[in-house]
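Peer 1: Take a look at data.cif, mmCIF, C-alpha atoms:
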```cif
data_input
loop_
_atom_site.label_atom_id
_atom_site.label_comp_id
_atom_site.auth_asym_id
_atom_site.auth_seq_id
_atom_site.Cartn_x
_atom_site.Cartn_y
_atom_site.Cartn_z
CA MET K 974 -93.80 -8.50 43.15
CA GLU K 975 -94.98 -7.11 39.82
CA LYS K 976 -97.39 -4.18 39.99
CA GLU K 977 -100.01 -5.98 37.87
CA LYS K 978 -100.05 -8.97 40.22
CA ALA K 979 -100.36 -6.72 43.28
CA MET K 980 -103.33 -4.97 41.64
CA GLU K 981 -105.00 -8.34 40.94
CA LEU K 982 -104.54 -9.43 44.55
CA LYS K 983 -105.85 -6.09 45.78
CA GLN K 984 -109.09 -6.59 43.83
CA ILE K 985 -109.55 -10.11 45.25
CA LEU K 986 -108.96 -8.76 48.75
CA LYS K 987 -111.68 -6.16 48.23
CA THR K 988 -114.20 -8.68 46.86
CA ARG K 989 -113.84 -10.67 50.08
CA LEU K 990 -114.58 -7.65 52.29
CA ASN K 991 -118.11 -8.50 53.43
CA ARG K 992 -119.79 -7.51 56.69
CA PRO K 993 -118.44 -10.42 58.75
CA MET K 994 -114.91 -9.73 57.48
CA ARG K 995 -115.19 -6.04 58.43
CA TYR K 996 -116.26 -7.14 61.89
CA TYR K 997 -113.32 -9.55 62.22
CA ILE K 998 -110.88 -6.86 61.10
CA ASP K 999 -112.17 -4.11 63.39
CA THR K 1000 -113.11 -6.02 66.53
CA CYS K 1001 -110.03 -8.03 67.52
CA THR K 1002 -108.33 -6.49 70.60
CA ARG K 1003 -105.30 -8.83 70.40
CA CYS K 1004 -106.22 -10.09 73.87
CA GLY K 1005 -104.45 -13.39 73.22
CA LEU K 1006 -107.16 -15.61 74.67
CA CYS K 1007 -107.13 -17.59 71.43
CA TYR K 1008 -103.57 -18.77 72.08
CA ASP K 1009 -104.82 -21.42 74.49
CA THR K 1010 -107.49 -22.65 72.08
CA CYS K 1011 -105.26 -23.53 69.12
CA HIS K 1012 -103.72 -27.00 68.81
CA ALA K 1013 -101.00 -25.66 66.50
CA PHE K 1014 -99.85 -23.08 69.05
CA GLN K 1015 -100.01 -25.68 71.83
CA GLY K 1016 -97.73 -27.94 69.81
CA ILE K 1017 -95.42 -25.19 68.51
CA PRO K 1018 -95.74 -22.12 70.79
CA LYS K 1019 -94.84 -19.42 68.26
CA LYS K 1020 -96.99 -16.32 67.70
CA GLU K 1021 -97.34 -17.00 63.97
CA TYR K 1022 -99.11 -20.27 64.81
CA SER K 1023 -101.70 -18.57 67.01
CA PRO K 1024 -105.10 -17.55 65.60
CA VAL K 1025 -104.41 -13.85 66.15
CA GLY K 1026 -100.95 -14.19 64.62
CA ARG K 1027 -102.43 -15.73 61.48
CA ALA K 1028 -105.25 -13.22 61.25
CA GLU K 1029 -102.90 -10.25 61.60
CA VAL K 1030 -101.30 -11.02 58.23
CA VAL K 1031 -104.68 -10.64 56.52
CA ARG K 1032 -105.77 -7.77 58.76
CA LYS K 1033 -102.69 -5.68 57.88
CA LEU K 1034 -103.43 -6.05 54.17
CA TYR K 1035 -106.98 -4.82 54.67
CA LYS K 1036 -105.66 -1.85 56.64
CA LYS K 1037 -103.41 -0.96 53.72
CA TYR K 1038 -105.97 -1.26 50.94
CA THR K 1039 -109.33 -0.47 52.54
CA ARG K 1040 -108.57 2.06 55.30
CA PRO K 1041 -107.76 5.76 54.79
CA GLY K 1042 -104.78 5.47 57.12
CA GLY K 1043 -103.26 2.86 54.87
CA PHE K 1044 -103.11 5.40 52.04
CA ILE K 1045 -102.40 8.61 53.96
CA PHE K 1046 -100.09 7.38 56.72
CA PRO K 1047 -98.67 4.06 55.47
CA TYR K 1048 -95.58 4.38 57.66
CA GLY K 1049 -97.47 5.42 60.77
CA THR K 1050 -99.62 2.27 60.91
CA ASP K 1051 -98.99 -1.47 60.77
CA ALA K 1052 -100.63 -1.65 57.32
CA THR K 1053 -98.77 -3.91 54.88
CA LYS K 1054 -98.75 -3.92 51.09
CA PHE K 1055 -98.51 -6.99 48.90
CA SER K 1056 -95.01 -8.39 48.40
CA ASP K 1057 -93.37 -11.77 47.96
CA THR K 1058 -92.52 -11.74 51.68
CA VAL K 1059 -96.14 -11.07 52.63
CA MET K 1060 -97.29 -13.90 50.36
CA ASP K 1061 -94.87 -16.23 52.17
CA GLN K 1062 -96.39 -15.09 55.46
CA LEU K 1063 -99.89 -15.76 54.11
CA TYR K 1064 -98.82 -19.27 53.10
CA GLU K 1065 -97.42 -19.97 56.57
CA ALA K 1066 -100.61 -18.64 58.17
CA ALA K 1067 -103.08 -20.45 55.93
CA TRP K 1068 -101.33 -23.81 55.93
CA SER K 1069 -100.79 -24.01 59.66
CA CYS K 1070 -104.56 -23.66 60.22
CA THR K 1071 -106.98 -26.58 59.89
CA GLY K 1072 -110.09 -24.40 59.96
CA CYS K 1073 -111.30 -26.26 63.05
CA ARG K 1074 -112.82 -23.02 64.43
CA ARG K 1075 -112.10 -23.89 68.05
CA CYS K 1076 -110.72 -20.37 68.38
CA ALA K 1077 -114.01 -18.91 67.12
CA VAL K 1078 -115.96 -20.86 69.76
CA ASN K 1079 -113.76 -19.42 72.52
CA CYS K 1080 -113.16 -15.90 71.18
CA PRO K 1081 -115.17 -13.37 73.26
CA PHE K 1082 -116.09 -11.63 69.98
CA GLY K 1083 -116.66 -14.76 67.90
CA ILE K 1084 -113.95 -13.88 65.37
CA ASP K 1085 -113.71 -16.66 62.80
CA THR K 1086 -110.04 -17.03 61.89
CA GLY K 1087 -110.97 -19.88 59.57
CA GLN K 1088 -112.88 -17.47 57.33
CA MET K 1089 -109.94 -15.08 57.34
CA MET K 1090 -107.67 -17.93 56.26
CA GLY K 1091 -110.12 -18.55 53.43
CA VAL K 1092 -109.17 -15.08 52.16
CA ALA K 1093 -105.47 -15.95 52.52
CA LYS K 1094 -105.93 -19.16 50.49
CA HIS K 1095 -107.86 -17.29 47.78
CA LEU K 1096 -104.97 -14.83 47.47
CA LEU K 1097 -102.44 -17.66 47.29
CA ILE K 1098 -104.43 -19.35 44.50
CA ALA K 1099 -104.41 -16.11 42.50
CA ASN K 1100 -100.69 -15.67 43.16
CA GLY K 1101 -99.94 -19.20 41.94
CA THR K 1102 -98.36 -20.19 45.26
CA ALA K 1103 -101.05 -22.45 46.75
CA PRO K 1104 -99.94 -26.02 47.60
CA GLU K 1105 -99.37 -27.83 44.31
CA GLU K 1106 -100.75 -31.11 45.67
CA LEU K 1107 -104.16 -29.62 46.43
CA VAL K 1108 -104.32 -27.63 43.20
CA MET K 1109 -103.64 -30.78 41.15
CA LEU K 1110 -106.24 -32.79 43.06
CA ALA K 1111 -108.82 -30.03 42.57
CA ASP K 1112 -108.03 -29.87 38.85
CA ALA K 1113 -108.44 -33.65 38.55
CA ALA K 1114 -111.86 -33.47 40.24
CA VAL K 1115 -112.95 -30.69 37.89
CA GLU K 1116 -111.82 -32.62 34.81
CA LYS K 1117 -113.68 -35.71 35.98
CA GLY K 1118 -116.80 -33.62 36.35
CA LYS K 1119 -116.42 -32.33 32.80
CA SER K 1120 -115.93 -35.78 31.23
CA ILE K 1121 -117.64 -38.22 33.58
CA ASP K 1122 -118.85 -40.51 30.76
CA GLN K 1123 -115.24 -41.46 30.02
CA PHE K 1124 -114.82 -42.74 33.60
CA LYS K 1125 -118.08 -44.62 34.06
CA GLU K 1126 -117.27 -48.04 32.60
CA GLY K 1127 -113.90 -48.29 34.36
CA TYR K 1128 -115.52 -47.32 37.64
CA ARG K 1129 -118.29 -49.89 37.17
CA ASN K 1130 -115.64 -52.61 36.81
CA VAL K 1131 -114.09 -51.55 40.11
CA ILE K 1132 -117.50 -51.57 41.79
CA ARG K 1133 -118.22 -55.12 40.53
CA ASP K 1134 -115.16 -56.32 42.43
CA LEU K 1135 -116.29 -54.48 45.56
CA GLU K 1136 -119.74 -56.06 45.31
CA LYS K 1137 -118.09 -59.45 45.90
CA GLU K 1138 -116.72 -58.20 49.21
CA VAL K 1139 -120.20 -57.08 50.22
CA GLN K 1140 -121.59 -60.47 49.15
CA ARG K 1141 -119.09 -62.33 51.35
CA LYS K 1142 -119.87 -60.18 54.39
CA LEU K 1143 -123.63 -60.62 54.00
CA SER K 1144 -123.38 -64.33 53.00
CA LEU K 1145 -125.55 -63.79 49.93
CA PRO K 1146 -125.73 -66.16 46.93
CA ALA K 1147 -124.92 -63.49 44.33
CA SER K 1148 -123.16 -60.13 44.17
CA ASP K 1149 -125.07 -58.50 41.34
CA GLY K 1150 -126.79 -55.24 42.27
CA LEU K 1151 -125.38 -54.96 45.80
CA ILE K 1152 -123.85 -51.60 44.86
CA PRO K 1153 -126.33 -50.03 42.42
CA MET K 1154 -125.34 -47.10 40.20
CA GLU K 1155 -127.37 -44.56 38.19
CA LYS K 1156 -130.58 -45.81 39.78
CA LYS K 1157 -133.30 -43.25 39.20
CA ASP K 1158 -135.84 -42.40 41.91
CA ALA K 1159 -133.74 -44.09 44.60
CA THR K 1160 -134.35 -42.83 48.11
CA ILE K 1161 -130.65 -42.24 48.77
CA LEU K 1162 -127.64 -41.20 46.70
CA TYR K 1163 -124.55 -42.18 48.62
CA VAL K 1164 -121.34 -40.22 47.95
CA GLY K 1165 -118.16 -42.04 48.95
CA LEU K 1166 -114.44 -41.51 48.53
CA ALA K 1167 -111.72 -43.14 46.43
CA GLY K 1168 -110.90 -45.79 49.06
CA ALA K 1169 -112.69 -49.14 48.89
CA HIS K 1170 -113.47 -49.01 52.61
CA SER K 1171 -115.59 -45.89 52.05
CA ILE K 1172 -117.86 -47.85 49.69
CA VAL K 1173 -117.82 -51.44 50.97
CA ASN K 1174 -118.72 -50.73 54.60
CA PRO K 1175 -121.63 -48.37 53.80
CA ALA K 1176 -122.84 -50.81 51.11
CA ILE K 1177 -122.99 -53.54 53.74
CA ILE K 1178 -125.03 -51.26 55.99
CA PHE K 1179 -127.38 -50.16 53.17
CA ASN K 1180 -128.05 -53.74 52.12
CA ALA K 1181 -128.56 -54.90 55.71
CA ALA K 1182 -131.12 -52.10 56.10
CA LYS K 1183 -132.73 -53.04 52.75
CA GLU K 1184 -132.32 -49.46 51.58
CA ASN K 1185 -133.34 -48.20 48.15
CA TRP K 1186 -130.04 -46.52 47.29
CA THR K 1187 -127.55 -45.77 44.55
CA LEU K 1188 -123.85 -44.88 44.49
CA SER K 1189 -122.51 -41.60 43.16
CA PHE K 1190 -119.87 -41.58 40.42
CA PHE K 1191 -118.11 -38.74 42.26
CA GLU K 1192 -115.99 -38.52 45.39
CA ALA K 1193 -117.33 -36.45 48.26
CA VAL K 1194 -114.03 -34.74 49.09
CA ASN K 1195 -113.78 -31.16 47.81
CA PHE K 1196 -110.16 -30.28 47.08
CA GLY K 1197 -111.23 -26.95 45.62
CA PHE K 1198 -112.45 -25.97 49.08
CA PHE K 1199 -109.24 -27.22 50.72
CA ALA K 1200 -107.08 -25.35 48.20
CA GLY K 1201 -109.08 -22.16 48.71
CA ASP K 1202 -110.34 -21.83 45.13
CA PRO K 1203 -114.01 -20.70 45.28
CA ALA K 1204 -114.75 -21.43 41.61
CA LYS K 1205 -113.40 -24.98 41.71
CA ALA K 1206 -114.97 -25.63 45.11
CA ASN K 1207 -118.38 -24.67 43.72
CA PHE K 1208 -117.92 -26.74 40.55
CA ILE K 1209 -116.92 -29.85 42.52
CA ALA K 1210 -119.94 -29.51 44.81
CA GLN K 1211 -122.29 -28.84 41.90
CA ARG K 1212 -121.31 -32.16 40.24
CA ILE K 1213 -122.97 -34.02 43.09
CA ILE K 1214 -125.96 -31.69 43.24
CA LYS K 1215 -126.61 -32.13 39.50
CA GLU K 1216 -126.26 -35.91 39.74
CA ALA K 1217 -128.66 -36.11 42.68
CA THR K 1218 -131.17 -33.87 40.93
CA ALA K 1219 -130.98 -35.86 37.68
CA LEU K 1220 -131.57 -39.12 39.55
CA ASN K 1221 -134.45 -37.56 41.53
CA VAL K 1222 -133.25 -38.87 44.89
CA LYS K 1223 -134.78 -37.76 48.16
CA GLU K 1224 -131.59 -37.70 50.22
CA VAL K 1225 -127.83 -37.40 49.68
CA VAL K 1226 -125.80 -39.30 52.25
CA VAL K 1227 -122.19 -38.22 52.64
CA VAL K 1228 -119.32 -40.52 53.55
CA GLU K 1229 -117.27 -40.06 56.73
CA CYS K 1230 -115.80 -36.76 55.55
CA GLY K 1231 -116.62 -33.78 57.73
CA THR K 1232 -115.80 -31.06 55.21
CA ALA K 1233 -117.76 -32.69 52.36
CA PHE K 1234 -120.75 -33.00 54.70
CA ARG K 1235 -120.53 -29.38 55.84
CA ILE K 1236 -120.20 -28.01 52.30
CA LEU K 1237 -123.35 -29.73 51.03
CA ARG K 1238 -125.34 -29.33 54.24
CA ALA K 1239 -124.54 -25.71 55.09
CA LEU K 1240 -122.71 -23.87 52.32
CA MET K 1241 -124.61 -24.58 49.08
CA GLY K 1242 -127.91 -22.92 49.86
CA LYS K 1243 -131.32 -24.56 49.60
CA LEU K 1244 -131.20 -27.92 47.82
CA PRO K 1245 -134.02 -30.11 46.44
CA PHE K 1246 -132.98 -33.02 48.66
CA LYS K 1247 -131.97 -33.69 52.23
CA VAL K 1248 -128.25 -33.92 53.11
CA THR K 1249 -127.25 -36.42 55.80
CA SER K 1250 -124.00 -37.78 57.18
CA ILE K 1251 -123.57 -41.56 57.07
CA VAL K 1252 -123.17 -41.27 60.87
CA GLU K 1253 -126.66 -39.83 61.23
CA LEU K 1254 -128.07 -42.47 58.90
CA ILE K 1255 -126.57 -45.37 60.85
CA HIS K 1256 -128.07 -43.93 64.03
CA ARG K 1257 -131.45 -43.61 62.29
CA TYR K 1258 -131.35 -47.21 61.07
CA LEU K 1259 -130.55 -48.36 64.59
CA LYS K 1260 -133.43 -46.39 66.10
CA GLU K 1261 -135.86 -47.66 63.45
CA GLY K 1262 -134.74 -51.27 63.93
CA ARG K 1263 -133.55 -51.54 60.31
CA ILE K 1264 -130.14 -52.80 61.43
CA LYS K 1265 -129.08 -54.67 64.56
CA LEU K 1266 -125.70 -54.62 66.25
CA LYS K 1267 -124.00 -57.07 68.61
CA GLU K 1268 -124.53 -55.32 71.91
CA GLY K 1269 -121.52 -55.26 74.23
CA ALA K 1270 -119.39 -57.10 71.69
CA VAL K 1271 -116.28 -54.99 72.29
CA SER K 1272 -114.78 -55.13 75.78
CA ASP K 1273 -111.69 -52.98 75.11
CA ALA K 1274 -111.83 -49.37 76.28
CA VAL K 1275 -113.08 -47.17 73.42
CA THR K 1276 -113.10 -43.40 72.96
CA TYR K 1277 -114.52 -41.18 70.22
CA HIS K 1278 -112.84 -38.26 68.47
CA ASP K 1279 -115.27 -35.56 67.28
CA PRO K 1280 -114.27 -34.44 63.76
CA CYS K 1281 -114.31 -30.65 63.81
CA GLN K 1282 -116.46 -30.26 60.69
CA LEU K 1283 -118.94 -32.94 61.72
CA GLY K 1284 -119.11 -31.95 65.37
CA ARG K 1285 -118.19 -28.36 66.18
CA ASN K 1286 -119.20 -27.08 62.73
CA GLY K 1287 -121.98 -29.58 61.97
CA GLY K 1288 -123.61 -30.29 65.33
CA VAL K 1289 -123.43 -34.10 65.04
CA TYR K 1290 -122.47 -35.22 68.56
CA ASP K 1291 -124.99 -37.65 70.07
CA GLU K 1292 -125.52 -39.98 67.10
CA PRO K 1293 -122.01 -41.52 66.93
CA ARG K 1294 -121.84 -41.89 70.69
CA GLU K 1295 -125.15 -43.72 70.88
CA VAL K 1296 -124.06 -46.10 68.12
CA ILE K 1297 -120.72 -46.81 69.81
CA ARG K 1298 -122.32 -47.38 73.22
CA LYS K 1299 -124.48 -50.12 71.69
CA ILE K 1300 -121.36 -52.06 70.73
CA VAL K 1301 -118.84 -51.39 73.49
CA THR K 1302 -118.95 -52.05 77.22
CA ASP K 1303 -116.25 -49.54 78.24
CA TYR K 1304 -116.79 -46.19 76.55
CA ARG K 1305 -114.58 -43.33 77.72
CA GLU K 1306 -115.19 -39.71 76.83
CA MET K 1307 -112.30 -37.42 75.95
CA SER K 1308 -111.83 -34.24 77.94
CA PRO K 1309 -112.56 -31.59 76.81
CA THR K 1310 -115.19 -32.90 74.46
CA ARG K 1311 -117.86 -31.98 71.91
CA GLU K 1312 -117.54 -28.30 70.84
CA GLN K 1313 -114.40 -27.96 72.98
CA ASN K 1314 -112.74 -31.08 71.58
CA TRP K 1315 -109.19 -30.59 70.31
CA CYS K 1316 -108.68 -30.75 66.54
CA CYS K 1317 -106.62 -33.74 65.45
CA GLY K 1318 -104.41 -31.45 63.36
CA GLY K 1319 -105.07 -32.90 59.91
CA GLY K 1320 -108.07 -30.96 58.64
CA GLY K 1321 -108.31 -28.16 56.10
CA GLY K 1322 -106.28 -30.11 53.56
CA LEU K 1323 -103.15 -30.31 55.75
CA VAL K 1324 -103.18 -34.11 55.81
CA ALA K 1325 -102.58 -34.13 52.04
CA LEU K 1326 -99.38 -32.07 52.31
CA ASP K 1327 -95.78 -33.06 52.99
CA ASN K 1328 -95.78 -31.81 56.58
CA GLU K 1329 -95.79 -34.89 58.81
CA GLU K 1330 -93.35 -33.49 61.37
CA PHE K 1331 -95.49 -30.37 61.77
CA ARG K 1332 -98.67 -32.43 62.14
CA ILE K 1333 -97.10 -34.68 64.76
CA LYS K 1334 -96.04 -31.68 66.85
CA THR K 1335 -99.38 -29.90 66.50
CA GLY K 1336 -101.18 -33.16 67.27
CA LYS K 1337 -99.81 -33.03 70.81
CA PRO K 1338 -103.08 -31.89 72.48
CA LYS K 1339 -104.96 -34.74 70.75
CA LYS K 1340 -102.29 -37.23 71.78
CA GLU K 1341 -102.62 -36.09 75.41
CA GLN K 1342 -106.40 -36.44 75.23
CA ILE K 1343 -106.18 -39.99 73.93
CA VAL K 1344 -103.59 -41.05 76.50
CA ALA K 1345 -105.68 -39.57 79.33
CA THR K 1346 -108.65 -41.79 78.44
CA GLY K 1347 -106.61 -44.99 78.62
CA ALA K 1348 -108.57 -46.22 75.59
CA LYS K 1349 -107.27 -48.98 73.34
CA ILE K 1350 -109.49 -48.05 70.38
CA VAL K 1351 -110.09 -44.56 69.01
CA VAL K 1352 -113.17 -44.31 66.79
CA THR K 1353 -113.89 -41.35 64.53
CA ALA K 1354 -116.02 -40.51 61.50
CA CYS K 1355 -113.77 -38.58 59.10
CA GLU K 1356 -111.23 -39.73 56.53
CA ASN K 1357 -108.75 -36.95 57.34
CA CYS K 1358 -109.10 -37.58 61.06
CA VAL K 1359 -108.32 -41.27 60.65
CA SER K 1360 -105.20 -40.46 58.62
CA GLN K 1361 -104.02 -37.84 61.12
CA LEU K 1362 -104.81 -39.97 64.19
CA LYS K 1363 -102.71 -42.76 62.68
CA THR K 1364 -99.90 -40.22 62.15
CA ILE K 1365 -100.17 -39.21 65.82
CA GLN K 1366 -100.30 -42.88 66.82
CA SER K 1367 -97.06 -43.71 65.00
CA GLY K 1368 -95.38 -40.39 65.78
CA TYR K 1369 -95.82 -40.77 69.54
CA GLY K 1370 -95.78 -44.58 69.68
CA LEU K 1371 -99.30 -44.85 71.09
CA ASP K 1372 -100.68 -48.30 71.87
CA VAL K 1373 -104.08 -47.65 70.30
CA GLU K 1374 -106.06 -48.77 67.27
CA VAL K 1375 -107.82 -46.20 65.08
CA LYS K 1376 -111.13 -47.15 63.46
CA TYR K 1377 -113.81 -45.59 61.30
CA LEU K 1378 -117.29 -45.65 62.83
CA THR K 1379 -118.58 -47.54 59.77
CA GLU K 1380 -115.79 -50.08 60.25
CA LEU K 1381 -116.78 -50.67 63.88
CA VAL K 1382 -120.43 -51.02 62.85
CA CYS K 1383 -119.73 -53.49 60.04
CA GLU K 1384 -117.55 -55.61 62.32
CA ASN K 1385 -120.50 -55.93 64.68
CA ILE K 1386 -123.58 -55.85 62.46
CA ILE K 1387 -125.99 -58.80 62.69
CA VAL K 1388 -126.76 -60.09 59.21
#
```
Write the structure described by the file as structure tokens, please.
Peer 2:
Amino acid sequence: MEKEKAMELKQILKTRLNRPMRYYIDTCTRCGLCYDTCHAFQGIPKKEYSPVGRAEVVRKLYKKYTRPGGFIFPYGTDATKFSDTVMDQLYEAAWSCTGCRRCAVNCPFGIDTGQMMGVAKHLLIANGTAPEELVMLADAAVEKGKSIDQFKEGYRNVIRDLEKEVQRKLSLPASDGLIPMEKKDATILYVGLAGAHSIVNPAIIFNAAKENWTLSFFEAVNFGFFAGDPAKANFIAQRIIKEATALNVKEVVVVECGTAFRILRALMGKLPFKVTSIVELIHRYLKEGRIKLKEGAVSDAVTYHDPCQLGRNGGVYDEPREVIRKIVTDYREMSPTREQNWCCGGGGGLVALDNEEFRIKTGKPKKEQIVATGAKIVVTACENCVSQLKTIQSGYGLDVEVKYLTELVCENIIV
């Protein structure tokens, strides 16, 4: 590695040395309790796929560049300097971790390996060795934010076609205005994804509830965050914040995407509007009587997978379960569940990479959970989770159907 590049990486490493990071570096006793908490290690039992194994790669760099021993006695410690080999180790560590934070919940010291992997990803971005797929997707999102006016008319044409699907579902005489855009002073700005399902199903629910809403021009997913690029992650999030502020909405409702929800709800500071998951909103509509569902309409055994970012990192547990129990007669809880639920293995951007074999193997704990319930339908509320659960389904030949929560609701909404 060139000296100039090593110096650049050293400076980035130091900028990320805040109080929590110092705690994570100094406190770990390498007790190994985290081994049993990590789905990746359970699927592929190698030390480098354990939380402590991943964290050690970052920890050794900090020892080299921020501890006296790293300068004075470099050969008498396990401190490591930057090199091409170390960057390869950082890549392996960062991109075998979904950031589910199950290890942090179970660590006796609360060490957050996910945050440490955020440092690893930042270093990989600066080194030019982050996953190309995620970098390109982040760049595309940034460019769209810079030149949104060029995209608007084409997007409106797409939305007009989707309005016809909403019209058919609701048996309405006309489709005009069923998916409003750029509507000022609306109560809700809804932020979807690129897939039609992420817009049509919520639009059906909004119209059934007679909501005063408008659709965002942007996708909720934040590929800058997945790639580990702080500047792009902030820019992508700010697009939505600026749009919501300009439209003077009271609430931003985020599609079934756990990470997008967590970023806006918890990581962007105080905002001039409320941030809500579509899951929470559906539950609210149900409680307020604004929508009605066919009670007991589904007789097949159904289970629910808690998305890590929505559940463990967002605290949304009861709402999806109460909605599902309205519709199904045989609900079966996974074990363990809620904050102890196993990650599906597709979060943190991993589902966008060419790593299907790895994700099938590390999805083993989730597969075993599903099989143990005997359920025929697995419901979840995250785009990445649906993709990964379908990979697990096909990889292990499971006789189950995977559904979005909004999909289940729209199949059983009374209009």
Peer 1: Between atom CA of K:Val1194 and atom CA of K:Ala1233, what is the distance, to one decimal in Å?
Peer 2: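 Between atom CA of K:Val1194 and atom CA of K:Ala1233 the gap is 5.4 Å.
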Peer 1: Once you add 6 Å to each side, what are the centre and edge lengths of the axis-aligned box holding all listed atoms of stretch 1361-1370 of chain K? One decimal in Å, as AutoDock Vina command-line options, if you can.
Peer 2:
```
--center_x -100.1 --center_y -41.2 --center_z 65.4 --size_x 21.4 --size_y 18.7 --size_z 20.6
```
Peer 1: Give me the residues near K:Tyr1369 as a PyMOL selection string, where near means some atom within 10 Å (using all atoms listed in the file) and where sequence neighbours in that chain fewer than 5 positions away do not count.
Peer 2: chain K and resi 1333-1334+1336-1337+1340+1363-1364
Peer 1: What does the PyMOL selection byres ((chain K and resi 1111) around 8) select in this file, as a compact mmCIF listing (two decimals) with C-alpha atoms, keeping the file's coordinate frame?
Peer 2:
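Contents of result_2.txt, as written:
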```
# COMPACT_ATOMS: atom_id res chain seq x y z
CA LEU K 1107 -104.16 -29.62 46.43
CA VAL K 1108 -104.32 -27.63 43.20
CA MET K 1109 -103.64 -30.78 41.15
CA LEU K 1110 -106.24 -32.79 43.06
CA ASP K 1112 -108.03 -29.87 38.85
CA ALA K 1113 -108.44 -33.65 38.55
CA ALA K 1114 -111.86 -33.47 40.24
CA VAL K 1115 -112.95 -30.69 37.89
CA ASN K 1195 -113.78 -31.16 47.81
CA PHE K 1196 -110.16 -30.28 47.08
CA GLY K 1197 -111.23 -26.95 45.62
CA ALA K 1200 -107.08 -25.35 48.20
CA LYS K 1205 -113.40 -24.98 41.71
CA ALA K 1206 -114.97 -25.63 45.11
```
Peer 1: Quick one: of K:Leu1323, K:Cys1011, K:Val1227, K:Leu1188, who's nearest to K:Lys1339, counting all atoms listed in the file?
Peer 2: K:Cys1011
Peer 1: Counting all atoms listed in the file, which residues have an atom no more than 12 Å from (-102.8, -30.5, 69.5) in the file's coordinates? Please list them as a PDB file with C-alpha atoms, in the frame of the given file.
Peer 2:
```pdb
ATOM      1  CA  ASP K1009    -104.820 -21.420  74.490  1.00  0.00           C
ATOM      2  CA  THR K1010    -107.490 -22.650  72.080  1.00  0.00           C
ATOM      3  CA  CYS K1011    -105.260 -23.530  69.120  1.00  0.00           C
ATOM      4  CA  HIS K1012    -103.720 -27.000  68.810  1.00  0.00           C
ATOM      5  CA  ALA K1013    -101.000 -25.660  66.500  1.00  0.00           C
ATOM      6  CA  PHE K1014     -99.850 -23.080  69.050  1.00  0.00           C
ATOM      7  CA  GLN K1015    -100.010 -25.680  71.830  1.00  0.00           C
ATOM      8  CA  GLY K1016     -97.730 -27.940  69.810  1.00  0.00           C
ATOM      9  CA  ILE K1017     -95.420 -25.190  68.510  1.00  0.00           C
ATOM     10  CA  PRO K1018     -95.740 -22.120  70.790  1.00  0.00           C
ATOM     11  CA  TYR K1022     -99.110 -20.270  64.810  1.00  0.00           C
ATOM     12  CA  SER K1069    -100.790 -24.010  59.660  1.00  0.00           C
ATOM     13  CA  CYS K1070    -104.560 -23.660  60.220  1.00  0.00           C
ATOM     14  CA  THR K1071    -106.980 -26.580  59.890  1.00  0.00           C
ATOM     15  CA  CYS K1073    -111.300 -26.260  63.050  1.00  0.00           C
ATOM     16  CA  ARG K1075    -112.100 -23.890  68.050  1.00  0.00           C
ATOM     17  CA  ASN K1314    -112.740 -31.080  71.580  1.00  0.00           C
ATOM     18  CA  TRP K1315    -109.190 -30.590  70.310  1.00  0.00           C
ATOM     19  CA  CYS K1316    -108.680 -30.750  66.540  1.00  0.00           C
ATOM     20  CA  CYS K1317    -106.620 -33.740  65.450  1.00  0.00           C
ATOM     21  CA  GLY K1318    -104.410 -31.450  63.360  1.00  0.00           C
ATOM     22  CA  GLY K1319    -105.070 -32.900  59.910  1.00  0.00           C
ATOM     23  CA  PHE K1331     -95.490 -30.370  61.770  1.00  0.00           C
ATOM     24  CA  ARG K1332     -98.670 -32.430  62.140  1.00  0.00           C
ATOM     25  CA  ILE K1333     -97.100 -34.680  64.760  1.00  0.00           C
ATOM     26  CA  LYS K1334     -96.040 -31.680  66.850  1.00  0.00           C
ATOM     27  CA  THR K1335     -99.380 -29.900  66.500  1.00  0.00           C
ATOM     28  CA  GLY K1336    -101.180 -33.160  67.270  1.00  0.00           C
ATOM     29  CA  LYS K1337     -99.810 -33.030  70.810  1.00  0.00           C
ATOM     30  CA  PRO K1338    -103.080 -31.890  72.480  1.00  0.00           C
ATOM     31  CA  LYS K1339    -104.960 -34.740  70.750  1.00  0.00           C
ATOM     32  CA  LYS K1340    -102.290 -37.230  71.780  1.00  0.00           C
ATOM     33  CA  GLU K1341    -102.620 -36.090  75.410  1.00  0.00           C
ATOM     34  CA  GLN K1342    -106.400 -36.440  75.230  1.00  0.00           C
ATOM     35  CA  ILE K1343    -106.180 -39.990  73.930  1.00  0.00           C
ATOM     36  CA  GLN K1361    -104.020 -37.840  61.120  1.00  0.00           C
ATOM     37  CA  LEU K1362    -104.810 -39.970  64.190  1.00  0.00           C
ATOM     38  CA  ILE K1365    -100.170 -39.210  65.820  1.00  0.00           C
TER      39      ILE K1365
END
```
Peer 1: One decimal, Å: what's the distance from atom CA of K:Ala1217 over to atom CA of K:Thr1249, could you say?
Peer 2: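 Distance reported for this atom pair: 13.2 Å.
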Peer 1: Excluding K:Ile1161 and its own-chain neighbours fewer than 5 positions away, which residues fall within 6 Å of it when counting only C-alpha atoms? Please give them as a ChimeraX atom specification.
Peer 2: /K:1186,1222,1224-1225
Peer 1: To test your reading of the syntax: which residues would the PyMOL selection byres ((chain K and resi 1093) around 8) return for the file shown? Reply as a ChimeraX atom specification.
Peer 2: /K:1031,1063-1064,1066-1067,1089-1092,1094-1097
Peer 1: Skipping near chain neighbours, those fewer than 3 positions away, what residues fall within 6 Å of stretch 1295-1303 of chain K using all atoms listed in the file, listed as a list of chain:residue names?
Peer 2: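 After dropping sequence-adjacent residues, the list is K:Glu1268, K:Gly1269, K:Ala1270, K:Val1271, K:Ser1272, K:Ala1274, K:Glu1292.
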